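*Asks:* My file is model35.cif. It has mmCIF, C-alpha atoms, pLDDT in the B column; chains and numbers go by the auth columns:
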data_input
loop_
_atom_site.group_PDB
_atom_site.id
_atom_site.type_symbol
_atom_site.label_atom_id
_atom_site.label_comp_id
_atom_site.label_asym_id
_atom_site.label_seq_id
_atom_site.Cartn_x
_atom_site.Cartn_y
_atom_site.Cartn_z
_atom_site.B_iso_or_equiv
_atom_site.auth_seq_id
_atom_site.auth_asym_id
ATOM 1 C CA MET A 1 0.000 0.000 0.000 93.00 9 A
ATOM 2 C CA GLY A 2 2.996 2.306 0.487 88.00 10 A
ATOM 3 C CA SER A 3 3.903 2.571 -3.197 88.00 11 A
ATOM 4 C CA GLU A 4 5.683 5.864 -3.882 88.00 12 A
ATOM 5 C CA ARG A 5 4.408 6.295 -7.427 90.00 13 A
ATOM 6 C CA LEU A 6 0.841 5.063 -6.855 94.00 14 A
ATOM 7 C CA PRO A 7 -0.107 4.886 -3.162 92.00 15 A
ATOM 8 C CA GLY A 8 -2.620 2.170 -2.325 94.00 16 A
ATOM 9 C CA LYS A 9 -2.210 0.662 -5.776 95.00 17 A
ATOM 10 C CA ILE A 10 -2.958 -2.994 -5.010 96.00 18 A
ATOM 11 C CA LEU A 11 -6.393 -2.182 -3.572 97.00 19 A
ATOM 12 C CA LYS A 12 -7.398 0.321 -6.249 97.00 20 A
ATOM 13 C CA GLU A 13 -10.662 -0.844 -7.744 98.00 21 A
ATOM 14 C CA VAL A 14 -11.832 -1.674 -11.239 98.00 22 A
ATOM 15 C CA LEU A 15 -15.493 -2.639 -11.686 98.00 23 A
ATOM 16 C CA GLY A 16 -15.869 -2.554 -7.901 98.00 24 A
ATOM 17 C CA LYS A 17 -13.113 -5.113 -7.256 98.00 25 A
ATOM 18 C CA PRO A 18 -9.575 -4.338 -5.957 98.00 26 A
ATOM 19 C CA LEU A 19 -6.640 -5.251 -8.179 98.00 27 A
ATOM 20 C CA LEU A 20 -5.381 -7.702 -5.559 98.00 28 A
ATOM 21 C CA GLY A 21 -8.779 -9.394 -5.738 98.00 29 A
ATOM 22 C CA TYR A 22 -8.341 -9.994 -9.454 98.00 30 A
ATOM 23 C CA GLN A 23 -4.857 -11.372 -8.904 98.00 31 A
ATOM 24 C CA CYS A 24 -5.893 -13.747 -6.116 98.00 32 A
ATOM 25 C CA GLU A 25 -8.856 -14.931 -8.177 98.00 33 A
ATOM 26 C CA ARG A 26 -6.523 -15.711 -11.077 98.00 34 A
ATOM 27 C CA LEU A 27 -3.955 -17.433 -8.867 98.00 35 A
ATOM 28 C CA ALA A 28 -6.700 -19.634 -7.433 98.00 36 A
ATOM 29 C CA ARG A 29 -6.701 -21.296 -10.874 98.00 37 A
ATOM 30 C CA VAL A 30 -3.027 -22.330 -10.595 98.00 38 A
ATOM 31 C CA THR A 31 -3.354 -26.110 -10.407 98.00 39 A
ATOM 32 C CA LEU A 32 0.125 -26.900 -9.028 98.00 40 A
ATOM 33 C CA LYS A 33 -0.034 -24.662 -5.955 97.00 41 A
ATOM 34 C CA GLU A 34 -0.842 -25.918 -2.475 97.00 42 A
ATOM 35 C CA LYS A 35 -1.610 -22.619 -0.792 97.00 43 A
ATOM 36 C CA LEU A 36 -1.599 -18.891 -1.483 98.00 44 A
ATOM 37 C CA VAL A 37 0.024 -16.611 1.093 98.00 45 A
ATOM 38 C CA ILE A 38 -0.096 -12.815 1.080 98.00 46 A
ATOM 39 C CA ALA A 39 3.190 -11.612 2.602 98.00 47 A
ATOM 40 C CA THR A 40 2.591 -7.986 3.552 98.00 48 A
ATOM 41 C CA THR A 41 4.241 -5.603 6.006 97.00 49 A
ATOM 42 C CA THR A 42 3.710 -4.541 9.602 97.00 50 A
ATOM 43 C CA HIS A 43 3.186 -0.950 8.436 95.00 51 A
ATOM 44 C CA ARG A 44 -0.130 0.533 9.518 96.00 52 A
ATOM 45 C CA ALA A 45 -1.115 1.276 5.914 95.00 53 A
ATOM 46 C CA ASP A 46 -1.106 -2.457 5.229 97.00 54 A
ATOM 47 C CA ASP A 47 -3.819 -3.064 7.816 97.00 55 A
ATOM 48 C CA GLU A 48 -6.114 -2.751 4.794 97.00 56 A
ATOM 49 C CA VAL A 49 -4.361 -5.670 3.121 98.00 57 A
ATOM 50 C CA VAL A 50 -4.837 -7.762 6.272 98.00 58 A
ATOM 51 C CA GLU A 51 -8.525 -6.847 6.312 98.00 59 A
ATOM 52 C CA PHE A 52 -8.789 -7.779 2.621 98.00 60 A
ATOM 53 C CA CYS A 53 -7.331 -11.220 3.411 98.00 61 A
ATOM 54 C CA LYS A 54 -9.528 -11.719 6.454 98.00 62 A
ATOM 55 C CA ASN A 55 -12.689 -10.948 4.490 97.00 63 A
ATOM 56 C CA ARG A 56 -11.747 -13.485 1.808 97.00 64 A
ATOM 57 C CA GLY A 57 -10.326 -16.240 3.982 97.00 65 A
ATOM 58 C CA LEU A 58 -6.798 -15.789 2.616 98.00 66 A
ATOM 59 C CA ILE A 59 -3.614 -16.598 4.533 98.00 67 A
ATOM 60 C CA CYS A 60 -1.756 -13.428 5.480 98.00 68 A
ATOM 61 C CA PHE A 61 1.718 -12.979 6.945 98.00 69 A
ATOM 62 C CA ARG A 62 3.151 -9.677 8.197 98.00 70 A
ATOM 63 C CA GLY A 63 6.867 -8.948 8.225 98.00 71 A
ATOM 64 C CA SER A 64 9.475 -6.284 7.649 97.00 72 A
ATOM 65 C CA GLU A 65 8.727 -3.553 5.114 95.00 73 A
ATOM 66 C CA GLU A 66 12.415 -3.074 4.205 96.00 74 A
ATOM 67 C CA ASP A 67 13.896 -6.542 4.720 98.00 75 A
ATOM 68 C CA VAL A 68 11.665 -8.281 2.182 97.00 76 A
ATOM 69 C CA LEU A 69 13.974 -11.300 2.047 98.00 77 A
ATOM 70 C CA ALA A 70 13.408 -11.873 5.770 98.00 78 A
ATOM 71 C CA ARG A 71 9.667 -11.416 5.306 98.00 79 A
ATOM 72 C CA TYR A 72 9.603 -14.109 2.625 98.00 80 A
ATOM 73 C CA TYR A 73 11.793 -16.461 4.624 98.00 81 A
ATOM 74 C CA GLU A 74 9.651 -16.055 7.755 98.00 82 A
ATOM 75 C CA ALA A 75 6.402 -16.525 5.797 98.00 83 A
ATOM 76 C CA ALA A 76 7.734 -19.658 4.081 98.00 84 A
ATOM 77 C CA THR A 77 9.012 -21.018 7.397 98.00 85 A
ATOM 78 C CA ARG A 78 5.685 -20.454 9.150 98.00 86 A
ATOM 79 C CA GLU A 79 3.760 -22.157 6.359 98.00 87 A
ATOM 80 C CA GLY A 80 6.171 -25.096 6.082 98.00 88 A
ATOM 81 C CA ALA A 81 6.877 -24.447 2.410 98.00 89 A
ATOM 82 C CA GLU A 82 9.151 -26.835 0.542 98.00 90 A
ATOM 83 C CA VAL A 83 8.982 -24.824 -2.679 98.00 91 A
ATOM 84 C CA VAL A 84 8.276 -21.091 -2.939 98.00 92 A
ATOM 85 C CA VAL A 85 6.618 -19.435 -5.929 98.00 93 A
ATOM 86 C CA ARG A 86 7.193 -15.689 -5.870 98.00 94 A
ATOM 87 C CA LEU A 87 4.736 -13.296 -7.495 98.00 95 A
ATOM 88 C CA THR A 88 4.438 -9.577 -6.850 96.00 96 A
ATOM 89 C CA ALA A 89 1.077 -8.062 -5.897 95.00 97 A
ATOM 90 C CA ASP A 90 1.049 -5.477 -8.681 95.00 98 A
ATOM 91 C CA CYS A 91 0.358 -7.993 -11.481 97.00 99 A
ATOM 92 C CA PRO A 92 -3.444 -8.353 -11.699 98.00 100 A
ATOM 93 C CA LEU A 93 -3.329 -9.843 -15.229 98.00 101 A
ATOM 94 C CA ILE A 94 -1.040 -12.730 -14.229 98.00 102 A
ATOM 95 C CA ASP A 95 -1.735 -15.821 -16.341 98.00 103 A
ATOM 96 C CA PRO A 96 -2.338 -18.896 -14.123 98.00 104 A
ATOM 97 C CA GLU A 97 -1.385 -21.253 -16.960 98.00 105 A
ATOM 98 C CA LEU A 98 1.993 -19.528 -17.275 98.00 106 A
ATOM 99 C CA VAL A 99 2.537 -19.825 -13.502 98.00 107 A
ATOM 100 C CA ASP A 100 1.784 -23.538 -13.769 98.00 108 A
ATOM 101 C CA GLN A 101 4.251 -23.779 -16.661 98.00 109 A
ATOM 102 C CA VAL A 102 7.078 -22.235 -14.609 98.00 110 A
ATOM 103 C CA ILE A 103 6.283 -24.408 -11.572 98.00 111 A
ATOM 104 C CA ARG A 104 6.168 -27.509 -13.770 98.00 112 A
ATOM 105 C CA PHE A 105 9.521 -26.684 -15.350 98.00 113 A
ATOM 106 C CA TYR A 106 11.065 -26.299 -11.885 98.00 114 A
ATOM 107 C CA SER A 107 9.473 -29.531 -10.627 98.00 115 A
ATOM 108 C CA GLU A 108 10.711 -31.508 -13.613 98.00 116 A
ATOM 109 C CA ASN A 109 14.234 -30.101 -13.317 98.00 117 A
ATOM 110 C CA ARG A 110 14.867 -29.895 -9.570 96.00 118 A
ATOM 111 C CA SER A 111 18.018 -31.964 -9.974 96.00 119 A
ATOM 112 C CA LYS A 112 19.377 -29.320 -12.388 98.00 120 A
ATOM 113 C CA PHE A 113 18.212 -25.959 -10.994 98.00 121 A
ATOM 114 C CA ASP A 114 17.985 -24.169 -7.650 98.00 122 A
ATOM 115 C CA TYR A 115 16.004 -21.269 -9.101 98.00 123 A
ATOM 116 C CA VAL A 116 13.733 -21.016 -12.132 98.00 124 A
ATOM 117 C CA SER A 117 11.965 -17.958 -13.523 98.00 125 A
ATOM 118 C CA ASN A 118 10.652 -16.334 -16.679 98.00 126 A
ATOM 119 C CA VAL A 119 12.594 -13.112 -16.019 97.00 127 A
ATOM 120 C CA LEU A 120 16.241 -14.142 -16.379 97.00 128 A
ATOM 121 C CA GLU A 121 15.753 -13.585 -20.091 97.00 129 A
ATOM 122 C CA ARG A 122 12.644 -11.483 -20.573 97.00 130 A
ATOM 123 C CA THR A 123 10.293 -12.679 -23.304 98.00 131 A
ATOM 124 C CA TYR A 124 6.944 -12.186 -21.521 98.00 132 A
ATOM 125 C CA PRO A 125 5.227 -8.862 -20.725 97.00 133 A
ATOM 126 C CA ARG A 126 6.067 -7.256 -17.396 97.00 134 A
ATOM 127 C CA GLY A 127 3.248 -8.331 -15.147 97.00 135 A
ATOM 128 C CA MET A 128 3.725 -12.015 -16.027 98.00 136 A
ATOM 129 C CA ASP A 129 6.764 -12.442 -13.753 98.00 137 A
ATOM 130 C CA CYS A 130 7.064 -15.721 -11.860 98.00 138 A
ATOM 131 C CA GLU A 131 9.987 -17.127 -9.845 98.00 139 A
ATOM 132 C CA VAL A 132 10.238 -20.590 -8.278 98.00 140 A
ATOM 133 C CA PHE A 133 12.901 -21.822 -5.852 98.00 141 A
ATOM 134 C CA GLY A 134 13.347 -24.301 -3.035 98.00 142 A
ATOM 135 C CA TYR A 135 12.951 -23.360 0.609 98.00 143 A
ATOM 136 C CA SER A 136 16.544 -24.400 1.273 98.00 144 A
ATOM 137 C CA THR A 137 17.765 -21.904 -1.355 98.00 145 A
ATOM 138 C CA LEU A 138 15.658 -19.139 0.202 98.00 146 A
ATOM 139 C CA ALA A 139 16.928 -20.024 3.687 98.00 147 A
ATOM 140 C CA GLU A 140 20.554 -19.906 2.539 98.00 148 A
ATOM 141 C CA ALA A 141 20.031 -16.550 0.824 98.00 149 A
ATOM 142 C CA HIS A 142 18.451 -15.245 4.030 98.00 150 A
ATOM 143 C CA ARG A 143 21.468 -16.393 6.049 98.00 151 A
ATOM 144 C CA GLN A 144 24.115 -15.157 3.614 98.00 152 A
ATOM 145 C CA ALA A 145 22.801 -11.940 2.043 98.00 153 A
ATOM 146 C CA GLN A 146 24.344 -8.857 3.625 97.00 154 A
ATOM 147 C CA LEU A 147 23.861 -6.026 1.142 98.00 155 A
ATOM 148 C CA LYS A 148 20.873 -3.754 1.706 97.00 156 A
ATOM 149 C CA MET A 149 19.782 -4.231 -1.905 97.00 157 A
ATOM 150 C CA ASP A 150 19.870 -8.017 -1.455 98.00 158 A
ATOM 151 C CA ARG A 151 17.614 -7.725 1.595 98.00 159 A
ATOM 152 C CA GLU A 152 15.173 -5.394 -0.184 96.00 160 A
ATOM 153 C CA HIS A 153 14.746 -7.735 -3.182 95.00 161 A
ATOM 154 C CA VAL A 154 13.822 -11.318 -2.353 97.00 162 A
ATOM 155 C CA THR A 155 15.754 -13.159 -5.055 98.00 163 A
ATOM 156 C CA ARG A 156 18.502 -10.721 -6.046 98.00 164 A
ATOM 157 C CA PHE A 157 21.136 -12.561 -3.989 98.00 165 A
ATOM 158 C CA ILE A 158 20.215 -15.823 -5.735 98.00 166 A
ATOM 159 C CA TYR A 159 20.243 -14.723 -9.361 98.00 167 A
ATOM 160 C CA SER A 160 23.253 -12.448 -8.807 97.00 168 A
ATOM 161 C CA HIS A 161 25.386 -15.482 -7.908 98.00 169 A
ATOM 162 C CA PRO A 162 25.223 -17.893 -10.862 98.00 170 A
ATOM 163 C CA GLU A 163 28.483 -19.415 -9.647 98.00 171 A
ATOM 164 C CA ARG A 164 26.674 -20.463 -6.488 98.00 172 A
ATOM 165 C CA TYR A 165 23.136 -21.216 -7.641 98.00 173 A
ATOM 166 C CA ARG A 166 21.987 -23.126 -10.698 98.00 174 A
ATOM 167 C CA LEU A 167 19.628 -20.822 -12.602 98.00 175 A
ATOM 168 C CA GLY A 168 17.005 -21.973 -15.101 98.00 176 A
ATOM 169 C CA GLY A 169 14.931 -19.854 -17.439 98.00 177 A
ATOM 170 C CA VAL A 170 11.512 -20.246 -19.039 98.00 178 A
ATOM 171 C CA THR A 171 11.074 -18.283 -22.264 98.00 179 A
ATOM 172 C CA ALA A 172 8.139 -17.764 -24.601 97.00 180 A
ATOM 173 C CA ALA A 173 7.857 -20.145 -27.537 93.00 181 A
ATOM 174 C CA GLY A 174 6.539 -17.442 -29.853 90.00 182 A
ATOM 175 C CA LYS A 175 7.091 -13.719 -30.279 95.00 183 A
ATOM 176 C CA ASN A 176 9.084 -11.786 -27.702 97.00 184 A
ATOM 177 C CA GLU A 177 6.563 -9.620 -25.820 97.00 185 A
ATOM 178 C CA SER A 178 8.924 -8.205 -23.198 96.00 186 A
ATOM 179 C CA HIS A 179 8.365 -4.618 -24.393 95.00 187 A
ATOM 180 C CA ARG A 180 4.833 -4.717 -22.997 97.00 188 A
ATOM 181 C CA ARG A 181 4.171 -3.355 -19.502 96.00 189 A
ATOM 182 C CA TRP A 182 1.186 -4.851 -17.661 97.00 190 A
ATOM 183 C CA THR A 183 2.338 -4.270 -14.095 96.00 191 A
ATOM 184 C CA VAL A 184 0.848 -1.474 -11.965 97.00 192 A
ATOM 185 C CA ASP A 185 3.181 1.079 -10.426 95.00 193 A
ATOM 186 C CA THR A 186 1.927 4.419 -11.794 95.00 194 A
ATOM 187 C CA PRO A 187 -1.395 6.095 -12.669 96.00 195 A
ATOM 188 C CA GLU A 188 -0.646 5.421 -16.345 96.00 196 A
ATOM 189 C CA ASP A 189 -0.162 1.710 -15.623 96.00 197 A
ATOM 190 C CA PHE A 190 -3.447 1.616 -13.744 97.00 198 A
ATOM 191 C CA GLU A 191 -5.311 3.261 -16.600 97.00 199 A
ATOM 192 C CA LEU A 192 -4.107 0.587 -19.038 98.00 200 A
ATOM 193 C CA ILE A 193 -5.046 -2.237 -16.675 98.00 201 A
ATOM 194 C CA ARG A 194 -8.430 -0.598 -16.029 98.00 202 A
ATOM 195 C CA LYS A 195 -9.163 -0.605 -19.755 98.00 203 A
ATOM 196 C CA VAL A 196 -8.122 -4.248 -20.143 98.00 204 A
ATOM 197 C CA LEU A 197 -10.124 -5.515 -17.163 98.00 205 A
ATOM 198 C CA THR A 198 -13.198 -3.450 -18.058 98.00 206 A
ATOM 199 C CA GLU A 199 -13.190 -4.892 -21.561 98.00 207 A
ATOM 200 C CA LEU A 200 -12.303 -8.539 -20.850 98.00 208 A
ATOM 201 C CA TYR A 201 -13.443 -9.475 -17.351 98.00 209 A
ATOM 202 C CA PRO A 202 -17.251 -9.125 -17.691 98.00 210 A
ATOM 203 C CA LYS A 203 -17.271 -11.330 -20.802 97.00 211 A
ATOM 204 C CA ASN A 204 -14.628 -13.850 -19.713 98.00 212 A
ATOM 205 C CA PRO A 205 -13.286 -13.644 -16.134 98.00 213 A
ATOM 206 C CA ASN A 206 -10.914 -16.535 -16.919 98.00 214 A
ATOM 207 C CA PHE A 207 -9.118 -14.713 -19.733 98.00 215 A
ATOM 208 C CA LEU A 208 -5.473 -15.567 -20.397 98.00 216 A
ATOM 209 C CA MET A 209 -2.429 -13.690 -21.683 98.00 217 A
ATOM 210 C CA ALA A 210 -3.381 -14.543 -25.271 98.00 218 A
ATOM 211 C CA ASP A 211 -6.723 -12.777 -24.768 98.00 219 A
ATOM 212 C CA VAL A 212 -4.964 -9.628 -23.553 98.00 220 A
ATOM 213 C CA LEU A 213 -2.625 -9.708 -26.548 98.00 221 A
ATOM 214 C CA ALA A 214 -5.595 -10.084 -28.898 98.00 222 A
ATOM 215 C CA LEU A 215 -7.389 -7.169 -27.222 98.00 223 A
ATOM 216 C CA LEU A 216 -4.349 -4.913 -27.481 98.00 224 A
ATOM 217 C CA ALA A 217 -3.924 -5.855 -31.121 98.00 225 A
ATOM 218 C CA ARG A 218 -7.373 -4.313 -31.624 98.00 226 A
ATOM 219 C CA HIS A 219 -6.473 -1.261 -29.502 97.00 227 A
ATOM 220 C CA PRO A 220 -2.740 -0.680 -30.077 95.00 228 A
ATOM 221 C CA ASP A 221 -2.988 2.916 -28.856 96.00 229 A
ATOM 222 C CA TRP A 222 -3.829 1.771 -25.311 97.00 230 A
ATOM 223 C CA GLU A 223 -0.239 0.743 -24.611 94.00 231 A
ATOM 224 C CA ASN A 224 0.933 4.263 -25.393 92.00 232 A
ATOM 225 C CA LEU A 225 -0.501 5.183 -21.995 93.00 233 A
ATOM 226 C CA ASN A 226 2.465 3.715 -20.087 94.00 234 A
ATOM 227 C CA ALA A 227 5.070 3.115 -22.808 90.00 235 A
ATOM 228 C CA HIS A 228 7.290 5.837 -21.304 90.00 236 A
ATOM 229 C CA ILE A 229 7.333 4.437 -17.745 89.00 237 A
ATOM 230 C CA GLN A 230 10.715 3.284 -16.456 81.00 238 A
ATOM 231 C CA GLN A 231 10.777 0.080 -14.405 72.00 239 A
ATOM 232 C CA LYS A 232 12.165 0.317 -10.869 66.00 240 A
ATOM 233 C CA ASP A 233 12.927 -3.321 -10.077 54.00 241 A
ATOM 234 C CA THR A 234 16.319 -5.022 -10.284 51.00 242 A
ATOM 235 C CA HIS A 235 15.580 -7.381 -13.174 54.00 243 A
ATOM 236 C CA SER A 236 16.587 -6.072 -16.586 42.00 244 A
#
Would you mind giving the structure from this file in structure tokens?
*Replies:*
Amino acid sequence: MGSERLPGKILKEVLGKPLLGYQCERLARVTLKEKLVIATTTHRADDEVVEFCKNRGLICFRGSEEDVLARYYEAATREGAEVVVRLTADCPLIDPELVDQVIRFYSENRSKFDYVSNVLERTYPRGMDCEVFGYSTLAEAHRQAQLKMDREHVTRFIYSHPERYRLGGVTAAGKNESHRRWTVDTPEDFELIRKVLTELYPKNPNFLMADVLALLARHPDWENLNAHIQQKDTHS
């Protein structure tokens, strides 16, 4: 809720539903998950996130606002996770089938990789990001990471040390769509997502990434709304 560029962004509403509601609804369709945990902060502003979870029967964990690595480690420890799937709460268009694909790739290659994601080499739109790693890898990163930046970003310590961790990537089979920005961090981002959800959700609440691409092919000007926005995260 404490976003600098768009305060309260994850609970901003479209068609009477908060963005986090759309994301949780979509993640409920991920077939390979065991449980969904919202890992928020102890900051007072995030009381609203806790209330959101309580009203919907969702598991919620509260931890450090700045040491996000510790927050993830503590949440995973409390829930007894063996494998952690990391998704950020500003991606309301996340495709559950893509999440399943990344989880499946990790599961089938656990003997080869400690960490798997679709962001090591970007081929999917921003807003489709998914990372999967074992609890033991997360625990080691939590013990070893010292830099402030490595504590602020959950997986930076892992993917910054390819000599230490075996990294695996999932890339799109078709056209590279990494130039597209479907995450929500600014008012311009929100306006694009509002248009997409307003158009697609009432007709087909289970729409997938392909449906968004088809919609934007019909309305190519919509993506001009946030084409100029610079990404703040650590992935290229």
*Asks:* Please identify all polymer residues lying at most 12 Å from the point (16.3, -19.3, -9.4) (file coordinates), using all atoms listed in the file, and present the result as number ranges by chain.
*Replies:* A: 91-94, 110-111, 113-114, 117-118, 120-128, 138-146, 149, 162-170, 172-178
*Asks:* Let me make sure I understand: among A:Glu231, A:Glu207, A:Glu116, A:Asp193, which one has the smallest atom-to-atom distance to Arg13 in chain A if we use only C-alpha atoms?
*Replies:* A:Asp193
*Asks:* Could the centre and edge lengths of an axis-aligned box, enclosing all atoms of range 9-15 of chain A in the file with 8 Å extra on each side, be given in Å to one decimal as JSON?
*Replies:*
{"center_x": 2.8, "center_y": 3.1, "center_z": -3.5, "size_x": 21.8, "size_y": 22.3, "size_z": 23.9}
*Asks:* Taking into account only C-alpha atoms, which residue in the set A:Ala53, A:Val76, A:Val38, A:Val22 is nearest to Met157 in chain A?
*Replies:*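 Looking at the shortest contact to Met157 in chain A, the residue is A:Val76.
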*Asks:* Name the residues in contact with Ile102 in chain A at a cut-off of 12 Å, using only C-alpha atoms, excluding same-chain residues fewer than 3 positions from it; report them as JSON, numbers by chain.
*Replies:* {"A": [27, 28, 29, 30, 31, 32, 33, 34, 35, 36, 37, 38, 95, 96, 97, 98, 99, 105, 106, 107, 108, 132, 133, 134, 135, 136, 137, 138, 189, 190, 191, 192, 201, 205, 214, 215, 216, 217, 218, 219, 220]}
*Asks:* Residues picked by the PyMOL selection byres ((chain A and resi 68) around 10) here, as a compact mmCIF listing (two decimals) with C-alpha atoms, keeping the file's coordinate frame?
*Replies:*
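Below is the file part.txt, written as the result:
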# COMPACT_ATOMS: atom_id res chain seq x y z
CA LEU A 44 -1.60 -18.89 -1.48
CA VAL A 45 0.02 -16.61 1.09
CA ILE A 46 -0.10 -12.82 1.08
CA ALA A 47 3.19 -11.61 2.60
CA THR A 48 2.59 -7.99 3.55
CA THR A 49 4.24 -5.60 6.01
CA VAL A 57 -4.36 -5.67 3.12
CA VAL A 58 -4.84 -7.76 6.27
CA GLU A 59 -8.52 -6.85 6.31
CA PHE A 60 -8.79 -7.78 2.62
CA CYS A 61 -7.33 -11.22 3.41
CA LYS A 62 -9.53 -11.72 6.45
CA GLY A 65 -10.33 -16.24 3.98
CA LEU A 66 -6.80 -15.79 2.62
CA ILE A 67 -3.61 -16.60 4.53
CA PHE A 69 1.72 -12.98 6.94
CA ARG A 70 3.15 -9.68 8.20
CA ALA A 83 6.40 -16.52 5.80
*Asks:* Between A:Gln109, A:Glu73, A:Asn232, A:Pro104, single out the one closest to Gly10 in chain A, counting only C-alpha atoms.
*Replies:*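 The shortest atom-to-atom distance to Gly10 in chain A comes from A:Glu73.
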*Asks:* Mind pulling up the distance from CA of Lys20 in chain A to CA of Ser72 in chain A?
*Replies:*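 Straight-line distance from CA of Ser72 in chain A to CA of Lys20 in chain A works out to 22.8 Å.
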*Asks:* Quick one, how far is CA of Glu199 in chain A from CA of Asn234 in chain A?
*Replies:*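 The value is 8.5 Å.
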*Asks:* Separation of CA of Pro210 in chain A and CA of Leu23 in chain A, in Å?
*Replies:*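 So the answer is 9.0 Å.
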*Asks:* Counting all atoms listed in the file, figure out which residue out of A:Leu200, A:Ala78, A:Leu14, A:Ala84 gets nearest to Leu101 in chain A.
*Replies:* A:Leu200
*Asks:* Considering all atoms listed in the file, can you say which of A:Leu224, A:Glu82, A:Met9, A:Glu160 comes closest to Glu185 in chain A?
*Replies:*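 Of A:Leu224, A:Glu82, A:Met9, A:Glu160, the one nearest Glu185 in chain A is A:Leu224, counting all atoms listed in the file.
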*Asks:* Model the absent atoms of range 37-53 of chain A so that N, CA and C atoms are present, and write the result as a PDB file, in the frame of the given file.
*Replies:*
ATOM      1  N   ARG A  37      -6.605 -20.341  -9.760  1.00 98.00           N
ATOM      2  CA  ARG A  37      -6.701 -21.296 -10.874  1.00 98.00           C
ATOM      3  C   ARG A  37      -5.365 -21.975 -11.183  1.00 98.00           C
ATOM      4  N   VAL A  38      -4.321 -21.646 -10.427  1.00 98.00           N
ATOM      5  CA  VAL A  38      -3.027 -22.330 -10.595  1.00 98.00           C
ATOM      6  C   VAL A  38      -3.168 -23.730 -10.012  1.00 98.00           C
ATOM      7  N   THR A  39      -3.051 -24.744 -10.848  1.00 98.00           N
ATOM      8  CA  THR A  39      -3.354 -26.110 -10.407  1.00 98.00           C
ATOM      9  C   THR A  39      -2.246 -26.733  -9.562  1.00 98.00           C
ATOM     10  N   LEU A  40      -1.007 -26.269  -9.711  1.00 98.00           N
ATOM     11  CA  LEU A  40       0.125 -26.900  -9.028  1.00 98.00           C
ATOM     12  C   LEU A  40       0.462 -26.269  -7.679  1.00 98.00           C
ATOM     13  N   LYS A  41      -0.298 -25.280  -7.256  1.00 97.00           N
ATOM     14  CA  LYS A  41      -0.034 -24.662  -5.955  1.00 97.00           C
ATOM     15  C   LYS A  41      -0.699 -25.475  -4.839  1.00 97.00           C
ATOM     16  N   GLU A  42      -0.186 -25.322  -3.630  1.00 97.00           N
ATOM     17  CA  GLU A  42      -0.842 -25.918  -2.475  1.00 97.00           C
ATOM     18  C   GLU A  42      -1.558 -24.857  -1.653  1.00 97.00           C
ATOM     19  N   LYS A  43      -0.943 -23.696  -1.530  1.00 97.00           N
ATOM     20  CA  LYS A  43      -1.610 -22.619  -0.792  1.00 97.00           C
ATOM     21  C   LYS A  43      -1.111 -21.268  -1.304  1.00 97.00           C
ATOM     22  N   LEU A  44      -1.930 -20.259  -1.106  1.00 98.00           N
ATOM     23  CA  LEU A  44      -1.599 -18.891  -1.483  1.00 98.00           C
ATOM     24  C   LEU A  44      -1.420 -18.072  -0.212  1.00 98.00           C
ATOM     25  N   VAL A  45      -0.279 -17.406  -0.096  1.00 98.00           N
ATOM     26  CA  VAL A  45       0.024 -16.611   1.093  1.00 98.00           C
ATOM     27  C   VAL A  45       0.304 -15.175   0.674  1.00 98.00           C
ATOM     28  N   ILE A  46      -0.367 -14.238   1.308  1.00 98.00           N
ATOM     29  CA  ILE A  46      -0.096 -12.815   1.080  1.00 98.00           C
ATOM     30  C   ILE A  46       0.922 -12.380   2.120  1.00 98.00           C
ATOM     31  N   ALA A  47       2.124 -12.016   1.679  1.00 98.00           N
ATOM     32  CA  ALA A  47       3.190 -11.612   2.602  1.00 98.00           C
ATOM     33  C   ALA A  47       3.297 -10.095   2.586  1.00 98.00           C
ATOM     34  N   THR A  48       2.606  -9.448   3.510  1.00 98.00           N
ATOM     35  CA  THR A  48       2.591  -7.986   3.552  1.00 98.00           C
ATOM     36  C   THR A  48       3.451  -7.484   4.711  1.00 98.00           C
ATOM     37  N   THR A  49       3.361  -6.189   5.004  1.00 97.00           N
ATOM     38  CA  THR A  49       4.241  -5.603   6.006  1.00 97.00           C
ATOM     39  C   THR A  49       3.510  -5.307   7.308  1.00 97.00           C
ATOM     40  N   THR A  50       4.287  -4.922   8.309  1.00 97.00           N
ATOM     41  CA  THR A  50       3.710  -4.541   9.602  1.00 97.00           C
ATOM     42  C   THR A  50       3.332  -3.066   9.624  1.00 97.00           C
ATOM     43  N   HIS A  51       3.529  -2.376   8.510  1.00 95.00           N
ATOM     44  CA  HIS A  51       3.186  -0.950   8.436  1.00 95.00           C
ATOM     45  C   HIS A  51       1.678  -0.773   8.576  1.00 95.00           C
ATOM     46  N   ARG A  52       1.286   0.288   9.256  1.00 96.00           N
ATOM     47  CA  ARG A  52      -0.130   0.533   9.518  1.00 96.00           C
ATOM     48  C   ARG A  52      -0.958   0.607   8.240  1.00 96.00           C
ATOM     49  N   ALA A  53      -0.379   1.159   7.175  1.00 95.00           N
ATOM     50  CA  ALA A  53      -1.115   1.276   5.914  1.00 95.00           C
ATOM     51  C   ALA A  53      -1.544  -0.079   5.379  1.00 95.00           C
TER      52      ALA A  53
END
